[in-house]
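For reference, start-v5.txt is printed below; it contains compact mmCIF, C-alpha atoms.
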```
# COMPACT_ATOMS: atom_id res chain seq x y z
CA MET A 1 27.06 -17.71 -19.28
CA GLN A 2 27.49 -18.85 -22.86
CA PRO A 3 25.04 -21.58 -23.83
CA ASP A 4 26.21 -24.91 -25.18
CA GLY A 5 25.45 -26.24 -28.64
CA SER A 6 23.32 -24.37 -31.12
CA ALA A 7 21.42 -22.12 -28.71
CA ASP A 8 21.64 -18.34 -29.01
CA TRP A 9 23.58 -16.38 -26.38
CA LEU A 10 21.04 -13.96 -24.89
CA ASP A 11 21.66 -12.26 -21.56
CA LEU A 12 21.48 -9.21 -19.32
CA LEU A 13 24.79 -8.66 -17.57
CA ASN A 14 26.07 -6.38 -14.83
CA THR A 15 29.66 -6.90 -15.98
CA PRO A 16 31.50 -5.51 -19.05
CA LEU A 17 30.44 -7.02 -22.39
CA ASP A 18 33.13 -9.28 -23.86
CA VAL A 19 33.42 -8.44 -27.57
CA SER A 20 36.03 -11.14 -28.23
CA ALA A 21 33.91 -13.83 -26.61
CA ALA A 22 30.84 -12.74 -28.61
CA THR A 23 32.80 -12.73 -31.88
CA ALA A 24 34.21 -16.17 -31.13
CA PHE A 25 30.72 -17.43 -30.27
CA VAL A 26 29.20 -16.47 -33.64
CA THR A 27 32.18 -17.68 -35.68
CA SER A 28 31.16 -20.71 -37.73
CA PRO A 29 32.62 -22.44 -40.79
CA ARG A 30 29.23 -22.03 -42.51
CA ALA A 31 29.14 -18.26 -41.93
CA GLY A 32 31.00 -16.04 -44.37
CA ALA A 33 29.89 -12.87 -42.59
CA ILE A 34 29.73 -11.61 -39.03
CA ASP A 35 28.04 -8.32 -38.22
CA LEU A 36 28.74 -6.90 -34.76
CA PHE A 37 26.92 -3.89 -33.33
CA LEU A 38 27.99 -2.13 -30.13
CA GLY A 39 25.92 0.62 -28.55
CA ILE A 40 28.31 2.85 -26.60
CA THR A 41 27.70 5.24 -23.72
CA ARG A 42 28.23 8.63 -25.36
CA ALA A 43 29.38 11.91 -23.80
CA GLU A 44 26.53 14.40 -23.30
CA ILE A 45 25.96 17.75 -21.65
CA SER A 46 22.80 18.19 -19.55
CA PRO A 47 20.47 21.18 -20.06
CA ALA A 48 22.01 22.52 -16.82
CA GLY A 49 25.49 22.33 -18.41
CA SER A 50 26.76 19.31 -16.51
CA GLU A 51 28.81 16.50 -18.09
CA LEU A 52 27.51 12.93 -18.28
CA LEU A 53 29.41 10.52 -16.02
CA ALA A 54 27.65 7.23 -16.72
CA LEU A 55 24.38 5.56 -17.56
CA ASP A 56 22.50 3.42 -15.04
CA TYR A 57 20.41 0.70 -16.68
CA GLN A 58 17.42 -0.95 -15.05
CA ALA A 59 15.42 -3.80 -16.59
CA TYR A 60 12.32 -5.86 -16.04
CA GLU A 61 14.70 -8.75 -16.41
CA SER A 62 12.40 -11.73 -16.80
CA MET A 63 10.31 -9.96 -19.46
CA ALA A 64 13.37 -8.51 -21.23
CA LEU A 65 14.98 -11.97 -21.48
CA ARG A 66 11.76 -13.32 -22.94
CA GLN A 67 11.78 -10.40 -25.43
CA LEU A 68 15.38 -11.13 -26.44
CA ALA A 69 14.35 -14.72 -27.15
CA GLY A 70 11.45 -13.39 -29.25
CA LEU A 71 13.78 -11.08 -31.22
CA ALA A 72 16.14 -13.99 -31.83
CA SER A 73 13.43 -16.30 -33.11
CA GLN A 74 11.90 -13.58 -35.32
CA ALA A 75 15.31 -12.88 -36.84
CA ARG A 76 15.97 -16.58 -37.36
CA ALA A 77 12.64 -16.87 -39.21
CA ARG A 78 13.67 -14.09 -41.63
CA TRP A 79 17.37 -14.65 -42.24
CA PRO A 80 19.68 -17.68 -42.49
CA ILE A 81 21.38 -16.99 -39.15
CA GLN A 82 24.09 -19.40 -38.09
CA LYS A 83 24.86 -18.00 -34.65
CA LEU A 84 23.46 -15.08 -32.66
CA VAL A 85 24.38 -13.06 -29.57
CA ILE A 86 22.27 -10.35 -27.90
CA LEU A 87 23.70 -8.93 -24.65
CA HIS A 88 22.63 -5.85 -22.70
CA ARG A 89 24.24 -4.30 -19.65
CA ILE A 90 22.30 -3.53 -16.49
CA GLY A 91 23.55 -1.34 -13.67
CA ARG A 92 26.14 1.39 -14.13
CA VAL A 93 27.97 1.70 -17.46
CA PRO A 94 30.81 4.23 -17.63
CA LEU A 95 31.26 6.60 -20.55
CA GLY A 96 32.76 4.89 -23.62
CA ASP A 97 31.75 1.35 -22.60
CA PRO A 98 29.33 -0.79 -24.62
CA SER A 99 25.83 -1.06 -23.14
CA VAL A 100 24.47 -3.37 -25.83
CA LEU A 101 26.05 -5.95 -28.14
CA ILE A 102 24.47 -7.74 -31.08
CA ALA A 103 26.47 -10.26 -33.10
CA VAL A 104 25.05 -12.17 -36.05
CA SER A 105 26.67 -14.62 -38.42
CA THR A 106 25.16 -15.61 -41.77
CA PRO A 107 26.51 -17.21 -44.96
CA HIS A 108 26.61 -13.83 -46.80
CA ARG A 109 27.04 -10.28 -45.54
CA ALA A 110 23.75 -8.68 -46.66
CA HIS A 111 21.74 -10.87 -44.29
CA ALA A 112 24.09 -10.25 -41.38
CA PHE A 113 23.76 -6.47 -41.81
CA GLN A 114 19.96 -6.65 -42.14
CA ALA A 115 19.45 -8.97 -39.18
CA CYS A 116 21.75 -6.98 -36.90
CA GLN A 117 20.03 -3.67 -37.71
CA SER A 118 16.57 -5.15 -37.30
CA ILE A 119 17.43 -6.67 -33.91
CA ILE A 120 18.87 -3.46 -32.43
CA ASP A 121 15.97 -1.37 -33.79
CA GLU A 122 13.36 -3.71 -32.31
CA LEU A 123 15.26 -4.07 -29.03
CA LYS A 124 15.24 -0.29 -28.58
CA LYS A 125 11.51 -0.12 -29.33
CA GLN A 126 10.29 -3.00 -27.18
CA ALA A 127 12.72 -4.30 -24.59
CA THR A 128 11.78 -3.46 -21.00
CA ILE A 129 15.05 -1.70 -20.23
CA TRP A 130 15.48 1.88 -19.01
CA LYS A 131 18.50 4.17 -18.81
CA GLN A 132 19.13 6.89 -16.28
CA GLU A 133 21.65 9.60 -17.06
CA VAL A 134 24.05 10.28 -14.18
CA TRP A 135 25.52 13.80 -14.30
CA ALA A 136 28.68 15.25 -12.79
CA ASP A 137 26.64 17.76 -10.74
CA GLY A 138 25.10 14.86 -8.79
CA SER A 139 21.75 14.88 -10.56
CA ALA A 140 20.24 11.90 -12.40
CA THR A 141 17.47 11.82 -14.98
CA TRP A 142 15.55 8.96 -16.56
CA VAL A 143 15.50 9.21 -20.32
CA HIS A 144 11.93 9.94 -21.46
CA GLU A 145 11.02 11.33 -18.06
CA GLN A 146 8.62 13.89 -19.59
CA LYS A 147 5.31 14.07 -17.83
CA THR A 148 2.69 14.28 -20.56
CA MET B 1 -8.36 -11.14 -6.22
CA THR B 2 -4.71 -10.31 -5.58
CA ILE B 3 -2.55 -8.59 -8.20
CA THR B 4 1.19 -7.97 -7.97
CA ILE B 5 2.32 -4.63 -9.42
CA HIS B 6 5.84 -4.10 -10.79
CA LEU B 7 7.15 -0.54 -11.13
CA PHE B 8 10.17 0.63 -13.10
CA ALA B 9 12.36 3.67 -13.73
CA ILE B 10 10.61 7.00 -13.02
CA LEU B 11 7.49 5.20 -11.73
CA ARG B 12 9.55 3.20 -9.24
CA ASP B 13 11.29 6.35 -8.01
CA LYS B 14 8.05 8.32 -7.66
CA ALA B 15 6.21 5.46 -5.90
CA GLY B 16 9.22 4.69 -3.70
CA THR B 17 8.79 0.96 -4.27
CA ALA B 18 9.59 -1.62 -6.93
CA ARG B 19 6.66 -3.87 -6.15
CA ALA B 20 3.24 -3.74 -4.53
CA THR B 21 0.35 -6.08 -3.94
CA ILE B 22 -3.22 -4.85 -4.35
CA GLU B 23 -6.64 -6.38 -3.81
CA LEU B 24 -9.15 -5.78 -6.61
CA SER B 25 -12.62 -7.08 -7.34
CA LYS B 26 -12.99 -9.75 -10.03
CA GLY B 27 -13.00 -8.44 -13.60
CA THR B 28 -11.17 -5.19 -12.85
CA ARG B 29 -9.48 -3.76 -15.94
CA ILE B 30 -5.98 -2.25 -15.95
CA ILE B 31 -7.30 1.28 -16.41
CA GLU B 32 -9.41 0.81 -13.28
CA ALA B 33 -6.51 -0.68 -11.34
CA ASN B 34 -4.53 2.43 -12.26
CA GLN B 35 -7.00 4.60 -10.35
CA LYS B 36 -6.31 2.60 -7.21
CA LEU B 37 -2.56 2.87 -7.80
CA VAL B 38 -2.80 6.64 -8.15
CA GLU B 39 -4.63 6.78 -4.81
CA MET B 40 -1.80 4.75 -3.26
CA TYR B 41 1.02 6.62 -5.03
CA PRO B 42 -0.20 10.07 -6.15
CA ALA B 43 3.27 11.02 -7.45
CA ILE B 44 3.07 8.48 -10.29
CA HIS B 45 -0.03 10.10 -11.79
CA PRO B 46 1.72 12.45 -14.27
CA TYR B 47 3.76 9.54 -15.68
CA LEU B 48 1.03 6.94 -16.14
CA ALA B 49 -0.46 8.47 -19.30
CA LYS B 50 2.67 7.65 -21.31
CA SER B 51 3.13 4.21 -19.81
CA ALA B 52 2.44 0.85 -21.40
CA PHE B 53 1.31 -2.27 -19.53
CA ALA B 54 2.34 -5.88 -19.38
CA VAL B 55 0.51 -8.76 -17.75
CA ASN B 56 2.58 -11.84 -16.97
CA GLU B 57 5.44 -10.42 -19.08
CA GLN B 58 3.43 -9.73 -22.27
CA TYR B 59 2.42 -6.26 -23.48
CA VAL B 60 -1.37 -5.84 -23.26
CA SER B 61 -3.98 -3.13 -23.84
CA PRO B 62 -5.12 -1.00 -20.86
CA ASP B 63 -8.61 -2.47 -21.37
CA THR B 64 -7.38 -5.91 -20.36
CA GLU B 65 -9.26 -7.56 -17.49
CA LEU B 66 -7.02 -8.74 -14.70
CA LYS B 67 -7.18 -12.20 -13.16
CA ASP B 68 -6.25 -13.40 -9.70
CA GLY B 69 -2.49 -13.78 -9.36
CA ASP B 70 -1.63 -11.64 -12.39
CA GLN B 71 1.68 -9.81 -12.48
CA LEU B 72 0.93 -6.31 -13.77
CA ALA B 73 3.91 -4.23 -14.89
CA LEU B 74 3.69 -0.47 -15.44
CA ILE B 75 6.12 0.30 -18.25
CA PRO B 76 7.21 3.91 -18.80
CA PRO B 77 8.71 4.60 -22.26
CA VAL B 78 11.60 2.18 -22.65
CA SER B 79 15.11 3.46 -23.38
CA GLY B 80 17.37 0.45 -23.72
CA GLY B 81 20.28 0.31 -26.13
```
Translate this file's structure into structure tokens.
Amino acid sequence: MQPDGSADWLDLLNTPLDVSAATAFVTSPRAGAIDLFLGITRAEISPAGSELLALDYQAYESMALRQLAGLASQARARWPIQKLVILHRIGRVPLGDPSVLIAVSTPHRAHAFQACQSIIDELKKQATIWKQEVWADGSATWVHEQKT
Amino acid sequence: MTITIHLFAILRDKAGTARATIELSKGTRIIEANQKLVEMYPAIHPYLAKSAFAVNEQYVSPDTELKDGDQLALIPPVSGG
């Protein structure tokens, strides 16, 4: 659900991410720049030679939502952000679909680029979200499943 | 005191549960709680060394003392994005 007023749009969704809605949300007469980042489910081949079918995302949702709010407020403290969207898929995401969307609007483009990059980098480092690779041979592996 | 444990990703699969409740004596630290969890779910042992911890939805050090009612999350390396 998009928030009303000046609040940021931060959510975890089990439905496709709506790029048009996010772009419209961050559009503002005071913002001369919008930077939009989409992280896309990319084709891969497993070590066993199987093709990737999809990614399954799991999250510690309450903590991840709190983290998204933290990322938003840290970014707002550093850059003159007008409007901000951070959305992440949970559940199954087919190949070629976006799994994460960041949209930032600022008066000038340099700040929009910087804020968008910082938010996605920090999200990937911190946010309590995990992806499992689902392969055509029926196997599934958590990313970073290594034992030691 | 009663602590609720939240498990995710590989830890959830290996333990066969998303959530557990354990009884610990007052002042138990996370690293000590982990020993009890490994007794309950031996299959998670190889994956705990790389895991981080959160109490009540904030990352904390493994030396943190737990309090009654705490929500302890075992967080294997995250891979969002």
From (-14.4, -9.0, -10.6), in the file's coordinates, out to 10 Å: which residues are reached, counting only C-alpha atoms? Answer as number ranges by chain. B: 1, 24-29, 65-68
Output as a Markdown table one row per residue of range 54-105 of chain A within 10 Å of range 50-59 of chain B: the closest atom pair and its distance in Å to one decimal place, counting all atoms listed in the file, sorted by chain and residue number ascending.
```
| residue | atom | partner | partner_atom | distance |
| --- | --- | --- | --- | --- |
| A:Tyr60 | CA | B:Glu57 | CA | 8.8 |
| A:Glu61 | CA | B:Glu57 | CA | 9.8 |
| A:Ser62 | CA | B:Glu57 | CA | 7.4 |
| A:Met63 | CA | B:Glu57 | CA | 4.9 |
| A:Ala64 | CA | B:Glu57 | CA | 8.4 |
| A:Leu65 | CA | B:Glu57 | CA | 10.0 |
| A:Arg66 | CA | B:Glu57 | CA | 8.0 |
| A:Gln67 | CA | B:Gln58 | CA | 9.0 |
```
Distance cut-off 6 Å, counting only C-alpha atoms - which residues of chain A neighbour chain B? Return them as an mmCIF file with C-alpha atoms, keeping the file's coordinate frame.
```cif
data_model
loop_
_atom_site.group_PDB
_atom_site.id
_atom_site.type_symbol
_atom_site.label_atom_id
_atom_site.label_comp_id
_atom_site.auth_asym_id
_atom_site.auth_seq_id
_atom_site.Cartn_x
_atom_site.Cartn_y
_atom_site.Cartn_z
ATOM 1 C CA MET A 63 10.310 -9.960 -19.460
ATOM 2 C CA VAL A 100 24.470 -3.370 -25.830
ATOM 3 C CA LYS A 124 15.240 -0.290 -28.580
ATOM 4 C CA THR A 128 11.780 -3.460 -21.000
ATOM 5 C CA ILE A 129 15.050 -1.700 -20.230
ATOM 6 C CA TRP A 130 15.480 1.880 -19.010
ATOM 7 C CA LYS A 131 18.500 4.170 -18.810
ATOM 8 C CA LYS A 147 5.310 14.070 -17.830
#
```
List the spatial neighbours of range 36-48 of chain A as a PyMOL selection string - criterion: any atom at most 10 Å away, only C-alpha atoms, same-chain residues fewer than 4 positions off excluded. (chain A and resi 17+19+22-23+26+52-55+84-88+93-105+112-113+116-117+119-120+133-137+139-141) or (chain B and resi 80-81)
Using only C-alpha atoms, please write the residues we just selected to a file, as an mmCIF file, in the coordinates of the input.
```
data_model
loop_
_atom_site.group_PDB
_atom_site.id
_atom_site.type_symbol
_atom_site.label_atom_id
_atom_site.label_comp_id
_atom_site.auth_asym_id
_atom_site.auth_seq_id
_atom_site.Cartn_x
_atom_site.Cartn_y
_atom_site.Cartn_z
ATOM 1 C CA LEU A 17 30.440 -7.020 -22.390
ATOM 2 C CA VAL A 19 33.420 -8.440 -27.570
ATOM 3 C CA ALA A 22 30.840 -12.740 -28.610
ATOM 4 C CA THR A 23 32.800 -12.730 -31.880
ATOM 5 C CA VAL A 26 29.200 -16.470 -33.640
ATOM 6 C CA LEU A 52 27.510 12.930 -18.280
ATOM 7 C CA LEU A 53 29.410 10.520 -16.020
ATOM 8 C CA ALA A 54 27.650 7.230 -16.720
ATOM 9 C CA LEU A 55 24.380 5.560 -17.560
ATOM 10 C CA LEU A 84 23.460 -15.080 -32.660
ATOM 11 C CA VAL A 85 24.380 -13.060 -29.570
ATOM 12 C CA ILE A 86 22.270 -10.350 -27.900
ATOM 13 C CA LEU A 87 23.700 -8.930 -24.650
ATOM 14 C CA HIS A 88 22.630 -5.850 -22.700
ATOM 15 C CA VAL A 93 27.970 1.700 -17.460
ATOM 16 C CA PRO A 94 30.810 4.230 -17.630
ATOM 17 C CA LEU A 95 31.260 6.600 -20.550
ATOM 18 C CA GLY A 96 32.760 4.890 -23.620
ATOM 19 C CA ASP A 97 31.750 1.350 -22.600
ATOM 20 C CA PRO A 98 29.330 -0.790 -24.620
ATOM 21 C CA SER A 99 25.830 -1.060 -23.140
ATOM 22 C CA VAL A 100 24.470 -3.370 -25.830
ATOM 23 C CA LEU A 101 26.050 -5.950 -28.140
ATOM 24 C CA ILE A 102 24.470 -7.740 -31.080
ATOM 25 C CA ALA A 103 26.470 -10.260 -33.100
ATOM 26 C CA VAL A 104 25.050 -12.170 -36.050
ATOM 27 C CA SER A 105 26.670 -14.620 -38.420
ATOM 28 C CA ALA A 112 24.090 -10.250 -41.380
ATOM 29 C CA PHE A 113 23.760 -6.470 -41.810
ATOM 30 C CA CYS A 116 21.750 -6.980 -36.900
ATOM 31 C CA GLN A 117 20.030 -3.670 -37.710
ATOM 32 C CA ILE A 119 17.430 -6.670 -33.910
ATOM 33 C CA ILE A 120 18.870 -3.460 -32.430
ATOM 34 C CA GLU A 133 21.650 9.600 -17.060
ATOM 35 C CA VAL A 134 24.050 10.280 -14.180
ATOM 36 C CA TRP A 135 25.520 13.800 -14.300
ATOM 37 C CA ALA A 136 28.680 15.250 -12.790
ATOM 38 C CA ASP A 137 26.640 17.760 -10.740
ATOM 39 C CA SER A 139 21.750 14.880 -10.560
ATOM 40 C CA ALA A 140 20.240 11.900 -12.400
ATOM 41 C CA THR A 141 17.470 11.820 -14.980
ATOM 42 C CA GLY B 80 17.370 0.450 -23.720
ATOM 43 C CA GLY B 81 20.280 0.310 -26.130
#
```
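If you count all atoms listed in the file and ignore residues fewer than 6 places along the chain from Ala20 in chain B, what sits within 10 Å of it is B:Ile3, B:Thr4, B:Ile5, B:His6, B:Leu7, B:Leu37, B:Met40, B:Leu72.
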Please produce a file of the residues just selected, as a PDB file, keeping the file's coordinate frame, where the atoms kept are C-alpha atoms.
```pdb
ATOM      1  CA  ILE B   3      -2.550  -8.590  -8.200  1.00  0.00           C
ATOM      2  CA  THR B   4       1.190  -7.970  -7.970  1.00  0.00           C
ATOM      3  CA  ILE B   5       2.320  -4.630  -9.420  1.00  0.00           C
ATOM      4  CA  HIS B   6       5.840  -4.100 -10.790  1.00  0.00           C
ATOM      5  CA  LEU B   7       7.150  -0.540 -11.130  1.00  0.00           C
ATOM      6  CA  LEU B  37      -2.560   2.870  -7.800  1.00  0.00           C
ATOM      7  CA  MET B  40      -1.800   4.750  -3.260  1.00  0.00           C
ATOM      8  CA  LEU B  72       0.930  -6.310 -13.770  1.00  0.00           C
TER       9      LEU B  72
END
```
Measure the distance from CA of Ile31 in chain B to CA of Thr64 in chain B in Å and round it to one decimal. 8.2 Å
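Our summary of the geometry notes that CA of Asp70 in chain B is positioned 13.0 Å from CA of Arg19 in chain B.
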Quick one: everything within 12 Å of Ile81 in chain A, counting all atoms listed in the file, minus sequence neighbours fewer than 4 positions away in the same chain. Send it as JSON, numbers by chain. {"A": [6, 7, 8, 26, 27, 28, 30, 31, 32, 33, 34, 35, 72, 73, 74, 75, 76, 77, 85, 103, 104, 105, 106, 107, 108, 109, 110, 111, 112, 113, 114, 115, 116]}
For Ala18 in chain B, the closest of A:Leu123, A:Leu10, A:Val143, A:Ala59 counting all atoms listed in the file is A:Ala59
Point-to-point distance in Å for CA of Arg92 in chain A and CA of Asp18 in chain A: 16.0 Å
Counting all atoms listed in the file, which of B:Thr2, B:Ala43, B:Ile30, B:Gln35 gets nearest to Lys14 in chain B? B:Ala43
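Using only C-alpha atoms, the nearest neighbour of Leu12 in chain A within the list A:Ser118, A:Arg78, A:Gln58, A:Lys125 is A:Gln58.
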